[in-house]
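Chemist: Sharing coords37.csv here; it has CSV, C-alpha atoms and all ligand atoms.
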chain,number,residue,atom,x,y,z
N,1,MET,CA,67.3,157.8,44.4
N,2,ILE,CA,68.8,155.3,41.9
N,3,ALA,CA,67.6,155.9,38.4
N,4,ARG,CA,68.9,152.6,36.9
N,5,LEU,CA,70.4,149.8,38.9
N,6,ALA,CA,72.3,147.0,37.2
N,7,VAL,CA,72.4,143.7,39.2
N,8,ILE,CA,75.0,141.3,38.0
N,9,GLY,CA,74.0,138.0,39.5
N,10,VAL,CA,70.3,138.0,40.2
N,11,GLY,CA,70.3,135.4,43.0
N,12,LEU,CA,69.5,135.5,46.7
N,13,ILE,CA,71.7,138.6,47.4
N,14,GLY,CA,71.2,140.6,44.2
N,15,GLY,CA,67.5,139.7,43.9
N,16,SER,CA,66.9,140.7,47.5
N,17,LEU,CA,68.6,144.1,47.0
N,18,ALA,CA,66.4,144.8,43.9
N,19,ARG,CA,63.3,143.7,45.8
N,20,ALA,CA,64.1,145.8,48.8
N,21,LEU,CA,64.9,149.0,46.8
N,22,ARG,CA,61.7,148.6,44.7
N,23,GLU,CA,59.6,148.2,47.9
N,24,ALA,CA,61.3,151.3,49.3
N,25,GLY,CA,60.5,153.2,46.1
N,26,ALA,CA,64.3,153.9,45.9
N,27,VAL,CA,65.0,152.7,42.3
N,28,GLY,CA,63.7,153.5,38.8
N,29,GLU,CA,64.7,150.7,36.5
N,30,VAL,CA,66.4,147.4,37.4
N,31,VAL,CA,68.5,145.6,34.8
N,32,GLY,CA,69.6,142.0,35.6
N,33,CYS,CA,72.4,139.9,34.3
N,34,GLY,CA,73.4,136.3,35.0
N,35,ARG,CA,74.5,133.0,33.6
N,36,SER,CA,71.2,131.2,33.8
N,37,LEU,CA,68.6,132.2,31.3
N,38,PRO,CA,65.7,130.5,33.2
N,39,ASN,CA,66.7,132.3,36.4
N,40,LEU,CA,66.7,135.7,34.6
N,41,GLU,CA,63.3,135.0,33.0
N,42,ARG,CA,61.9,134.0,36.4
N,43,ALA,CA,63.4,137.2,37.9
N,44,ARG,CA,61.5,139.3,35.3
N,45,GLU,CA,58.3,137.3,35.8
N,46,LEU,CA,58.5,137.9,39.5
N,47,GLY,CA,59.0,141.6,38.9
N,48,VAL,CA,62.5,141.6,40.6
N,49,ILE,CA,64.0,143.0,37.4
N,50,ASP,CA,62.5,145.0,34.5
N,51,ARG,CA,64.8,143.5,31.8
N,52,PHE,CA,68.0,141.6,31.4
N,53,SER,CA,71.0,140.9,29.3
N,54,GLN,CA,73.4,138.0,29.6
N,55,ASP,CA,76.3,140.3,28.7
N,56,PRO,CA,77.5,142.2,31.8
N,57,ALA,CA,78.8,145.1,29.6
N,58,GLU,CA,75.4,145.5,28.0
N,59,ALA,CA,73.6,145.3,31.3
N,60,VAL,CA,75.6,148.2,32.9
N,61,VAL,CA,75.0,150.7,30.0
N,62,GLY,CA,73.4,153.8,31.5
N,63,ALA,CA,73.3,152.5,35.0
N,64,ASP,CA,74.1,154.9,37.8
N,65,MET,CA,74.5,152.1,40.3
N,66,VAL,CA,76.0,148.6,39.6
N,67,PHE,CA,75.7,145.8,42.1
N,68,LEU,CA,77.9,142.7,41.8
N,69,ALA,CA,76.4,139.7,43.4
N,70,VAL,CA,78.2,136.8,41.7
N,71,PRO,CA,80.4,134.1,43.4
N,72,MET,CA,83.8,135.4,44.5
N,73,ARG,CA,85.7,133.7,41.6
N,74,ALA,CA,83.5,135.5,39.0
N,75,MET,CA,84.2,139.0,40.3
N,76,ARG,CA,87.4,139.7,38.4
N,77,GLY,CA,85.9,138.6,35.0
N,78,VAL,CA,82.8,140.7,35.6
N,79,LEU,CA,84.9,143.8,36.5
N,80,GLU,CA,87.0,143.3,33.3
N,81,THR,CA,83.9,143.0,31.1
N,82,ILE,CA,82.0,146.0,32.5
N,83,ALA,CA,85.0,148.3,32.8
N,84,PRO,CA,84.8,149.9,29.3
N,85,ALA,CA,80.9,150.1,29.4
N,86,LEU,CA,80.4,152.0,32.7
N,87,ALA,CA,78.6,155.3,32.5
N,88,PRO,CA,80.5,158.4,33.7
N,89,GLY,CA,79.6,158.9,37.4
N,90,ALA,CA,78.4,155.3,37.9
N,91,VAL,CA,79.1,153.8,41.3
N,92,VAL,CA,80.0,150.1,41.5
N,93,THR,CA,79.6,148.1,44.6
N,94,ASP,CA,79.4,144.4,45.5
N,95,GLY,CA,78.0,142.0,48.1
N,96,GLY,CA,80.8,139.4,48.1
N,97,SER,CA,81.6,137.6,51.3
N,98,VAL,CA,85.3,138.4,51.1
N,99,LYS,CA,86.7,141.9,50.6
N,100,GLY,CA,90.5,141.6,50.1
N,101,SER,CA,90.0,139.5,46.9
N,102,VAL,CA,87.6,142.1,45.4
N,103,VAL,CA,90.1,144.9,46.1
N,104,ALA,CA,92.9,142.8,44.6
N,105,ASP,CA,90.7,142.0,41.5
N,106,ALA,CA,89.9,145.7,41.1
N,107,GLY,CA,93.6,146.5,41.3
N,108,ALA,CA,94.4,143.9,38.7
N,109,VAL,CA,91.7,145.1,36.3
N,110,PHE,CA,92.0,148.9,36.7
N,111,GLY,CA,95.7,149.2,37.8
N,112,ALA,CA,94.5,150.4,41.2
N,113,PRO,CA,91.2,150.2,43.0
N,114,PRO,CA,89.1,152.9,41.2
N,115,PRO,CA,87.4,155.7,43.1
N,116,PHE,CA,83.9,154.6,42.0
N,117,LEU,CA,84.2,151.1,43.5
N,118,VAL,CA,82.9,150.6,47.0
N,119,PRO,CA,83.5,147.1,48.4
N,120,GLY,CA,80.7,145.9,50.6
N,121,HIS,CA,79.2,142.9,52.3
N,122,PRO,CA,75.6,142.5,53.7
N,123,ILE,CA,75.8,140.3,56.8
N,124,ALA,CA,72.6,138.6,56.0
N,125,GLY,CA,71.7,135.6,54.0
N,126,THR,CA,70.2,132.1,54.0
N,127,GLU,CA,71.2,128.7,52.8
N,128,ARG,CA,69.1,129.1,49.7
N,129,SER,CA,70.2,130.3,46.2
N,130,GLY,CA,68.7,131.8,43.1
N,131,VAL,CA,66.1,134.5,42.5
N,132,GLU,CA,63.3,132.4,44.0
N,133,ALA,CA,65.0,132.6,47.3
N,134,ALA,CA,65.2,136.5,47.2
N,135,PHE,CA,63.0,138.5,49.5
N,136,ALA,CA,62.7,142.3,50.3
N,137,GLU,CA,63.1,142.0,54.1
N,138,LEU,CA,66.5,140.2,54.0
N,139,TYR,CA,68.5,143.3,54.9
N,140,ARG,CA,66.0,144.9,57.3
N,141,ASP,CA,67.8,145.5,60.7
N,142,ARG,CA,70.8,143.6,59.5
N,143,ARG,CA,74.4,144.9,59.2
N,144,VAL,CA,76.1,145.9,56.0
N,145,ILE,CA,79.9,146.4,56.2
N,146,LEU,CA,81.6,148.7,53.7
N,147,THR,CA,85.3,148.5,53.3
N,148,PRO,CA,86.4,151.6,51.3
N,149,VAL,CA,90.1,151.8,50.6
N,150,GLU,CA,92.4,154.9,50.3
N,151,GLN,CA,91.4,155.4,46.6
N,152,THR,CA,87.6,155.2,47.2
N,153,ALA,CA,85.7,158.4,46.6
N,154,PRO,CA,83.8,159.5,49.8
N,155,GLU,CA,80.7,160.5,47.6
N,156,ALA,CA,80.6,157.0,46.2
N,157,VAL,CA,80.6,155.5,49.7
N,158,ASP,CA,77.8,157.9,50.8
N,159,ARG,CA,75.7,156.8,47.8
N,160,VAL,CA,76.2,153.1,48.6
N,161,GLU,CA,75.4,153.7,52.3
N,162,ALA,CA,72.2,155.5,51.4
N,163,MET,CA,71.2,152.6,49.1
N,164,TRP,CA,71.6,150.1,52.0
N,165,ARG,CA,69.8,152.3,54.5
N,166,ALA,CA,66.9,152.5,52.1
N,167,CYS,CA,66.7,148.6,52.5
N,168,GLY,CA,66.5,149.0,56.3
N,169,ALA,CA,70.1,148.0,56.9
N,170,GLU,CA,72.6,149.4,59.4
N,171,VAL,CA,75.8,150.4,57.6
N,172,THR,CA,79.2,150.2,59.3
N,173,ARG,CA,82.7,150.7,57.8
N,174,MET,CA,85.7,148.5,58.4
N,175,ASP,CA,89.2,147.9,57.2
N,176,VAL,CA,89.5,145.3,54.4
N,177,SER,CA,91.8,142.8,56.2
N,178,HIS,CA,90.0,143.2,59.5
N,179,HIS,CA,86.7,142.4,57.7
N,180,ASP,CA,88.2,139.2,56.3
N,181,GLU,CA,89.6,138.1,59.7
N,182,VAL,CA,86.3,138.7,61.5
N,183,LEU,CA,84.2,137.0,58.9
N,184,ALA,CA,86.6,134.0,58.8
N,185,ALA,CA,85.8,133.5,62.4
N,186,THR,CA,82.1,134.3,62.6
N,187,SER,CA,80.9,133.0,59.2
N,188,HIS,CA,83.4,131.0,57.2
N,189,LEU,CA,84.6,128.8,60.1
N,190,PRO,CA,81.1,127.8,61.1
N,191,HIS,CA,80.3,126.9,57.5
N,192,MET,CA,83.4,124.7,57.4
N,193,LEU,CA,82.4,122.9,60.6
N,194,ALA,CA,78.8,122.3,59.3
N,195,PHE,CA,80.0,121.0,55.9
N,196,GLY,CA,82.7,118.9,57.5
N,197,LEU,CA,80.4,117.4,60.1
N,198,VAL,CA,77.7,116.4,57.6
N,199,ASP,CA,80.3,115.0,55.2
N,200,THR,CA,82.0,112.9,57.9
N,201,LEU,CA,78.7,111.4,59.0
N,202,ALA,CA,77.4,110.9,55.4
N,203,ARG,CA,80.6,108.9,54.7
N,204,MET,CA,80.2,106.6,57.7
N,205,ARG,CA,78.8,103.2,56.6
N,206,GLU,CA,75.9,103.3,58.9
N,207,ASN,CA,75.0,106.9,57.8
N,208,ASP,CA,71.4,106.1,57.0
N,209,GLU,CA,70.7,105.0,60.5
N,210,ILE,CA,72.6,108.0,61.9
N,211,PHE,CA,70.6,110.5,60.0
N,212,ARG,CA,67.3,108.8,61.0
N,213,TYR,CA,68.1,109.5,64.6
N,214,ALA,CA,69.4,113.0,64.1
N,215,ALA,CA,67.1,115.6,65.8
N,216,GLY,CA,66.9,119.3,66.5
N,217,GLY,CA,70.5,119.8,67.6
N,218,PHE,CA,71.9,118.3,64.3
N,219,ARG,CA,69.3,120.2,62.2
N,220,ASP,CA,70.1,123.5,63.8
N,221,PHE,CA,73.8,123.0,63.7
N,222,THR,CA,73.9,121.9,60.0
N,223,ARG,CA,71.3,124.2,58.3
N,224,ILE,CA,74.1,126.1,56.6
N,225,ALA,CA,75.5,122.9,55.1
N,226,SER,CA,72.6,123.2,52.6
N,227,SER,CA,74.3,126.3,51.2
N,228,SER,CA,75.7,126.6,47.6
N,229,PRO,CA,78.8,124.5,47.2
N,230,GLU,CA,80.1,126.7,44.4
N,231,MET,CA,79.7,129.9,46.5
N,232,TRP,CA,81.5,128.3,49.5
N,233,ARG,CA,84.4,126.9,47.4
N,234,ASP,CA,84.9,130.4,46.2
N,235,ILE,CA,84.7,132.0,49.7
N,236,CYS,CA,87.2,129.5,51.1
N,237,LEU,CA,89.7,130.1,48.3
N,238,ALA,CA,89.3,133.9,48.4
N,239,ASN,CA,89.8,134.1,52.1
N,240,ARG,CA,92.2,131.2,52.4
N,241,GLU,CA,94.8,132.9,54.7
N,242,ALA,CA,92.4,134.1,57.4
N,243,LEU,CA,90.3,131.0,57.2
N,244,SER,CA,93.3,128.6,57.4
N,245,ALA,CA,94.5,130.5,60.5
N,246,MET,CA,91.0,130.2,62.1
N,247,LEU,CA,90.8,126.5,61.2
N,248,GLY,CA,94.3,125.9,62.8
N,249,ARG,CA,93.3,127.7,65.9
N,250,PHE,CA,90.0,125.8,66.2
N,251,SER,CA,91.7,122.5,65.6
N,252,VAL,CA,93.9,123.1,68.6
N,253,GLU,CA,90.8,124.0,70.8
N,254,LEU,CA,89.0,120.8,69.5
N,255,ALA,CA,92.0,118.6,70.3
N,256,ASP,CA,92.1,120.2,73.8
N,257,LEU,CA,88.4,119.4,74.2
N,258,ALA,CA,89.0,115.8,73.2
N,259,ARG,CA,91.8,115.6,75.8
N,260,LEU,CA,89.5,116.9,78.6
N,261,ILE,CA,86.9,114.2,77.7
N,262,ARG,CA,89.5,111.5,77.5
N,263,GLU,CA,91.0,112.5,80.8
N,264,GLU,CA,87.5,112.8,82.4
N,265,ASP,CA,88.2,116.3,83.5
N,266,GLY,CA,84.6,117.3,84.4
N,267,ASP,CA,85.6,120.5,86.1
N,268,GLU,CA,87.4,121.9,83.0
N,269,LEU,CA,84.6,120.7,80.7
N,270,LEU,CA,82.0,122.5,83.0
N,271,ALA,CA,84.1,125.7,82.9
N,272,LEU,CA,84.4,125.6,79.1
N,273,PHE,CA,80.7,125.0,78.5
N,274,ALA,CA,79.7,127.7,81.1
N,275,ARG,CA,82.0,130.2,79.4
N,276,ALA,CA,80.6,129.4,76.0
N,277,ARG,CA,77.0,129.5,77.2
N,278,GLU,CA,77.6,132.9,78.8
N,279,ALA,CA,79.2,134.3,75.6
N,280,ARG,CA,76.3,133.0,73.4
N,281,ASP,CA,73.7,134.4,75.8
N,282,ARG,CA,75.4,137.8,75.6
N,283,TYR,CA,75.4,137.6,71.8
N,284,ILE,CA,71.7,136.6,71.6
N,285,ASP,CA,70.8,139.5,74.0
N,286,GLY,CA,72.8,141.8,71.8
N,287,VAL,CA,71.0,140.8,68.5
N,288,ARG,CA,67.5,140.8,70.1
G,301,LIG,N1,74.0,133.5,50.4
G,301,LIG,C1,74.4,134.2,51.4
G,301,LIG,O1,74.0,134.0,52.5
G,301,LIG,C2,75.3,135.4,51.2
G,301,LIG,C3,75.4,136.4,52.1
G,301,LIG,C4,76.2,137.5,51.9
G,301,LIG,C5,77.0,137.6,50.8
G,301,LIG,N2,76.9,136.6,49.9
G,301,LIG,C6,77.7,136.7,48.6
G,301,LIG,O2,76.9,137.2,47.6
G,301,LIG,C7,77.3,136.7,46.3
G,301,LIG,C8,76.1,136.1,45.7
G,301,LIG,O3,75.6,135.0,46.5
G,301,LIG,P1,74.1,134.5,46.4
G,301,LIG,O4,73.8,133.8,47.6
G,301,LIG,O5,73.2,135.5,45.9
G,301,LIG,O6,74.3,133.4,45.2
G,301,LIG,P2,73.2,132.9,44.1
G,301,LIG,O7,73.7,131.6,43.6
G,301,LIG,O8,71.8,132.9,44.7
G,301,LIG,O9,73.3,134.0,43.0
G,301,LIG,C9,74.5,134.2,42.2
G,301,LIG,C10,74.1,134.5,40.8
G,301,LIG,O10,75.3,134.9,40.1
G,301,LIG,C11,75.1,134.4,38.8
G,301,LIG,N3,76.5,134.2,38.2
G,301,LIG,C12,77.5,133.3,38.5
G,301,LIG,N4,78.6,133.6,37.8
G,301,LIG,C13,78.3,134.6,37.0
G,301,LIG,C14,79.0,135.3,36.0
G,301,LIG,N5,80.3,135.0,35.7
G,301,LIG,N6,78.5,136.4,35.4
G,301,LIG,C15,77.2,136.8,35.7
G,301,LIG,N7,76.4,136.1,36.7
G,301,LIG,C16,77.0,135.1,37.3
G,301,LIG,C17,74.4,133.1,38.9
G,301,LIG,O11,73.7,132.7,37.7
G,301,LIG,C18,73.4,133.4,40.1
G,301,LIG,O12,72.2,133.8,39.6
G,301,LIG,C19,78.5,135.8,46.6
G,301,LIG,O13,79.7,136.5,46.3
G,301,LIG,C20,78.4,135.5,48.1
G,301,LIG,O14,79.6,135.2,48.6
G,301,LIG,C21,76.1,135.5,50.0
G,302,LIG,O1,72.3,132.5,57.5
G,302,LIG,C1,72.9,132.0,56.6
G,302,LIG,O2,72.4,131.0,56.0
G,302,LIG,C2,74.2,132.5,56.1
G,302,LIG,O3,75.0,131.6,55.8
G,302,LIG,C3,74.4,133.9,56.0
G,302,LIG,C4,75.9,134.3,56.1
G,302,LIG,C5,76.4,133.9,57.5
G,302,LIG,O4,75.8,134.4,58.4
G,302,LIG,O5,77.4,133.3,57.6
G,302,LIG,C6,76.7,133.6,55.0
G,302,LIG,C7,77.6,134.3,54.3
G,302,LIG,C8,77.7,135.7,54.3
G,302,LIG,O6,78.7,136.3,53.6
G,302,LIG,C9,76.9,136.4,55.2
G,302,LIG,C10,76.0,135.8,55.9
Write the structure described by the file as structure tokens, please.
Ligand SMILES: NC(=O)c1ccc[n+]([C@@H]2O[C@H](COP(=O)([O-])OP(=O)(O)OC[C@H]3O[C@@H](n4cnc5c(N)ncnc54)[C@H](O)[C@@H]3O)[C@@H](O)[C@H]2O)c1
Ligand SMILES: O=C(O)C(=O)C[C@]1(C(=O)O)C=C[C@@H](O)C=C1

Modeler:
Amino acid sequence: MIARLAVIGVGLIGGSLARALREAGAVGEVVGCGRSLPNLERARELGVIDRFSQDPAEAVVGADMVFLAVPMRAMRGVLETIAPALAPGAVVTDGGSVKGSVVADAGAVFGAPPPFLVPGHPIAGTERSGVEAAFAELYRDRRVILTPVEQTAPEAVDRVEAMWRACGAEVTRMDVSHHDEVLAATSHLPHMLAFGLVDTLARMRENDEIFRYAAGGFRDFTRIASSSPEMWRDICLANREALSAMLGRFSVELADLARLIREEDGDELLALFARAREARDRYIDGVR
């Protein structure tokens, strides 16, 4: 289906796409590109890629599909570098966690978002980074959101959709700004809470003792605070408007929760916890 795939950023997301397509027999050759030479050599050793170049322009030569899986802040530079080297008919897509910034980056590089660029986002991941963390099943039965814009060619969207389906994913389409608002709420805000909580506790003087007595609740809630700091700095800055709005809204809710506790309002606390539990049970039933 794909003759030559160029993966720019062979980490968890790019490496898992390459692995999944290989396992599905849906790709011929995979060419990798990245900043870290040891990571690329390891990717080749593991059979995730066939060969690599550290120059993105060289890596995309002759590729019919190009997948950008670099941190958000690196997207514009990569687009600039690959632009003159893309093969005629090549489709470019990405796996970045924020979509408005990718569309803006493409507009800045090409004058307007080009027809061959399909912004995308697999809603799947882990707290681990690098090619060692990549696995073929990451996208199976998970959602991938594509956010084509007015200029995007429908045939390019179809090809990217078929690529993700070959990985076992369910593909949906969404408006760019709606995507960024929804993900600010369901992904970016929870990461801020986890990073913020761990940092607050770690900076308390008695933190050694605190962590010694932290059990399952703390562990479950804070798993995502082990995620890549660079990746999350970039996501926050790329989605700053929607994320700031969500943080503002949540701060108000948190202050209200603190007031209910201070005022010993057991009835309201019970109502809030029951509402939240019901919503989470519904969510869990839906994903099962
Ligand atoms: N980790 C997740 O759970 C998750 C989920 C969905 C989407 N994403 C998005 O996918 C992208 C990649 O995330 P990841 O988790 O695979 O990160 P990762 O750290 O595992 O991999 C990123 C790779 O990009 C390379 N890289 C960085 N800057 C580069 C540059 N300028 N040129 C070429 N290569 C460069 C790094 O060397 C690294 O190998 C990010 O945009 C992230 O927001 C991550
Ligand atoms: O499960 C995790 O560790 C993740 O953080 C994955 C997760 C998320 O669910 O928030 C993180 C960032 C994304 O862009 C998509 C998925």

Chemist: Hey, which residues sit close to ligand LIG 302 (chain G)? Say within 8 Å, counting only C-alpha atoms and all ligand atoms, and write them as a PyMOL selection string.

Modeler: chain N and resi 95-98+121-128+183+186-188+190-191+223-224+227

Chemist: With a cut-off of 8 Å, could you pull out the residues of chain N touching ligand LIG 301 (chain G) and give me the nearest pair of atoms for each, distance in Å to one decimal, using all atoms listed in the file, ordered by chain and ascending number, as CSV?

Modeler:
residue,atom,partner,partner_atom,distance
N:Ile8,CA,G:LIG301,C15,5.5
N:Gly9,CA,G:LIG301,O10,3.4
N:Val10,CA,G:LIG301,O12,4.6
N:Gly11,CA,G:LIG301,O9,3.3
N:Leu12,CA,G:LIG301,O5,3.8
N:Ile13,CA,G:LIG301,O5,3.8
N:Gly14,CA,G:LIG301,O5,5.7
N:Gly15,CA,G:LIG301,O5,7.4
N:Cys33,CA,G:LIG301,C15,5.9
N:Gly34,CA,G:LIG301,N7,3.5
N:Arg35,CA,G:LIG301,O11,4.2
N:Ser36,CA,G:LIG301,O11,4.9
N:Asn39,CA,G:LIG301,O12,6.5
N:Leu40,CA,G:LIG301,O12,7.7
N:Gln54,CA,G:LIG301,C15,7.3
N:Asp55,CA,G:LIG301,C15,7.9
N:Pro56,CA,G:LIG301,C15,6.7
N:Leu68,CA,G:LIG301,C7,7.5
N:Ala69,CA,G:LIG301,C7,4.3
N:Val70,CA,G:LIG301,O10,3.8
N:Pro71,CA,G:LIG301,O13,3.8
N:Met72,CA,G:LIG301,O13,4.6
N:Ala74,CA,G:LIG301,N5,4.6
N:Met75,CA,G:LIG301,N5,7.2
N:Gly77,CA,G:LIG301,N5,6.7
N:Val78,CA,G:LIG301,N6,6.1
N:Asp94,CA,G:LIG301,O2,7.9
N:Gly95,CA,G:LIG301,O2,4.9
N:Gly96,CA,G:LIG301,O13,3.6
N:Ser97,CA,G:LIG301,O14,4.1
N:Val98,CA,G:LIG301,O14,7.0
N:His121,CA,G:LIG301,C5,5.9
N:Pro122,CA,G:LIG301,C4,5.3
N:Ile123,CA,G:LIG301,C4,5.7
N:Ala124,CA,G:LIG301,C3,5.3
N:Gly125,CA,G:LIG301,O1,3.2
N:Thr126,CA,G:LIG301,O1,4.5
N:Glu127,CA,G:LIG301,O1,6.0
N:Arg128,CA,G:LIG301,N1,6.6
N:Ser129,CA,G:LIG301,O8,3.4
N:Gly130,CA,G:LIG301,O8,3.7
N:Val131,CA,G:LIG301,O8,6.3
N:Ala133,CA,G:LIG301,O8,7.3
N:Ala134,CA,G:LIG301,O8,7.9
N:Ser227,CA,G:LIG301,N1,7.3
N:Ser228,CA,G:LIG301,O7,6.7
N:Met231,CA,G:LIG301,O14,5.7
N:Trp232,CA,G:LIG301,O14,7.2
N:Asp234,CA,G:LIG301,O14,7.5
N:Ile235,CA,G:LIG301,O14,6.1

Chemist: Quick one, how far is CA of Leu117 (chain N) from CA of Arg142 (chain N)?

Modeler: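 The value is 22.2 Å.
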
Chemist: Give me, please, the distance in Å between CA of Arg76 (chain N) and CA of Val60 (chain N), quoted to one decimal.

Modeler: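 Rounded to one decimal, the two atoms are 15.5 Å apart.
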
Chemist: Taking into account only C-alpha atoms, which residue in the set N:Ala238, N:Leu17, N:Arg159, N:Gly89 is nearest to Asp105 (chain N)?

Modeler: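 Looking at the shortest contact to Asp105 (chain N), the residue is N:Ala238.
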
Chemist: Of the candidates N:Leu79, N:Ala18, N:Leu270, N:Leu189, which one gets nearest to Asp50 (chain N) if we count only C-alpha atoms?

Modeler: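 Looking at the shortest contact to Asp50 (chain N), the residue is N:Ala18.
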
Chemist: Excluding same-chain residues fewer than 5 positions from Thr222 (chain N), what lies within 8 Å of it counting only C-alpha atoms, as a PDB file with C-alpha atoms, in the frame of the given file?

Modeler:
ATOM      1  CA  ALA N 194      78.800 122.300  59.300  1.00  0.00           C
ATOM      2  CA  PHE N 195      80.000 121.000  55.900  1.00  0.00           C
ATOM      3  CA  LEU N 197      80.400 117.400  60.100  1.00  0.00           C
ATOM      4  CA  VAL N 198      77.700 116.400  57.600  1.00  0.00           C
TER       5      VAL N 198
END

Chemist: Kindly give the distance, in Å, that separates CA of Leu5 (chain N) and CA of Ala63 (chain N), rounded to a single decimal.

Modeler: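 Here the two named atoms are 5.6 Å from each other.
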
Chemist: Name the residues in contact with region 20-23 of chain N at a cut-off of 10 Å, using only C-alpha atoms, excluding same-chain residues fewer than 6 positions from it; report them as number ranges by chain.

Modeler: N: 1-2, 5, 14, 29-30, 47-49, 134-140, 163-168

Chemist: Name the residues, using the chain letters and numbers of the file, that sit within 12 Å of (93.5, 143.7, 45.5) when counting only C-alpha atoms, and give them as a compact mmCIF listing (two decimals) with C-alpha atoms, in the coordinates of the input.

Modeler:
# COMPACT_ATOMS: atom_id res chain seq x y z
CA MET N 75 84.20 139.00 40.30
CA ARG N 76 87.40 139.70 38.40
CA VAL N 98 85.30 138.40 51.10
CA LYS N 99 86.70 141.90 50.60
CA GLY N 100 90.50 141.60 50.10
CA SER N 101 90.00 139.50 46.90
CA VAL N 102 87.60 142.10 45.40
CA VAL N 103 90.10 144.90 46.10
CA ALA N 104 92.90 142.80 44.60
CA ASP N 105 90.70 142.00 41.50
CA ALA N 106 89.90 145.70 41.10
CA GLY N 107 93.60 146.50 41.30
CA ALA N 108 94.40 143.90 38.70
CA VAL N 109 91.70 145.10 36.30
CA PHE N 110 92.00 148.90 36.70
CA GLY N 111 95.70 149.20 37.80
CA ALA N 112 94.50 150.40 41.20
CA PRO N 113 91.20 150.20 43.00
CA PRO N 114 89.10 152.90 41.20
CA PRO N 119 83.50 147.10 48.40
CA VAL N 149 90.10 151.80 50.60
CA GLN N 151 91.40 155.40 46.60
CA VAL N 176 89.50 145.30 54.40
CA SER N 177 91.80 142.80 56.20
CA ALA N 238 89.30 133.90 48.40

Chemist: Considering only C-alpha atoms, can you say which of N:Gly32, N:Pro88, N:Pro115, N:Gly25 comes closest to Val7 (chain N)?

Modeler: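 That would be N:Gly32, the residue with the smallest distance to Val7 (chain N).
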
Chemist: Please, can region 43-55 of chain N be completed to N, CA and C atoms and returned as a PDB file, in the coordinates of the input?

Modeler:
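The file below, selection-v9.pdb, is the result:
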ATOM      1  N   ALA N  43      63.181 135.938  37.148  1.00  0.00           N
ATOM      2  CA  ALA N  43      63.400 137.200  37.900  1.00  0.00           C
ATOM      3  C   ALA N  43      62.466 138.291  37.249  1.00  0.00           C
ATOM      4  N   ARG N  44      62.364 138.264  35.925  1.00  0.00           N
ATOM      5  CA  ARG N  44      61.500 139.300  35.300  1.00  0.00           C
ATOM      6  C   ARG N  44      60.036 138.964  35.538  1.00  0.00           C
ATOM      7  N   GLU N  45      59.685 137.681  35.490  1.00  0.00           N
ATOM      8  CA  GLU N  45      58.300 137.300  35.800  1.00  0.00           C
ATOM      9  C   GLU N  45      57.888 137.696  37.190  1.00  0.00           C
ATOM     10  N   LEU N  46      58.820 137.545  38.130  1.00  0.00           N
ATOM     11  CA  LEU N  46      58.500 137.900  39.500  1.00  0.00           C
ATOM     12  C   LEU N  46      58.544 139.388  39.784  1.00  0.00           C
ATOM     13  N   GLY N  47      58.970 140.154  38.785  1.00  0.00           N
ATOM     14  CA  GLY N  47      59.000 141.600  38.900  1.00  0.00           C
ATOM     15  C   GLY N  47      60.260 142.077  39.712  1.00  0.00           C
ATOM     16  N   VAL N  48      61.247 141.195  39.859  1.00  0.00           N
ATOM     17  CA  VAL N  48      62.500 141.600  40.600  1.00  0.00           C
ATOM     18  C   VAL N  48      63.320 142.498  39.666  1.00  0.00           C
ATOM     19  N   ILE N  49      63.314 142.197  38.363  1.00  0.00           N
ATOM     20  CA  ILE N  49      64.000 143.000  37.400  1.00  0.00           C
ATOM     21  C   ILE N  49      63.046 143.451  36.292  1.00  0.00           C
ATOM     22  N   ASP N  50      63.397 144.536  35.573  1.00  0.00           N
ATOM     23  CA  ASP N  50      62.500 145.000  34.500  1.00  0.00           C
ATOM     24  C   ASP N  50      62.936 144.305  33.167  1.00  0.00           C
ATOM     25  N   ARG N  51      64.249 144.138  32.991  1.00  0.00           N
ATOM     26  CA  ARG N  51      64.800 143.500  31.800  1.00  0.00           C
ATOM     27  C   ARG N  51      66.118 142.931  32.061  1.00  0.00           C
ATOM     28  N   PHE N  52      66.676 142.162  31.138  1.00  0.00           N
ATOM     29  CA  PHE N  52      68.000 141.600  31.400  1.00  0.00           C
ATOM     30  C   PHE N  52      68.811 141.467  30.114  1.00  0.00           C
ATOM     31  N   SER N  53      70.116 141.295  30.350  1.00  0.00           N
ATOM     32  CA  SER N  53      71.000 140.900  29.300  1.00  0.00           C
ATOM     33  C   SER N  53      71.976 139.921  29.864  1.00  0.00           C
ATOM     34  N   GLN N  54      72.406 138.950  29.074  1.00  0.00           N
ATOM     35  CA  GLN N  54      73.400 138.000  29.600  1.00  0.00           C
ATOM     36  C   GLN N  54      74.802 138.504  29.473  1.00  0.00           C
ATOM     37  N   ASP N  55      74.935 139.675  28.863  1.00  0.00           N
ATOM     38  CA  ASP N  55      76.300 140.300  28.700  1.00  0.00           C
ATOM     39  C   ASP N  55      76.407 141.392  29.766  1.00  0.00           C
TER      40      ASP N  55
END
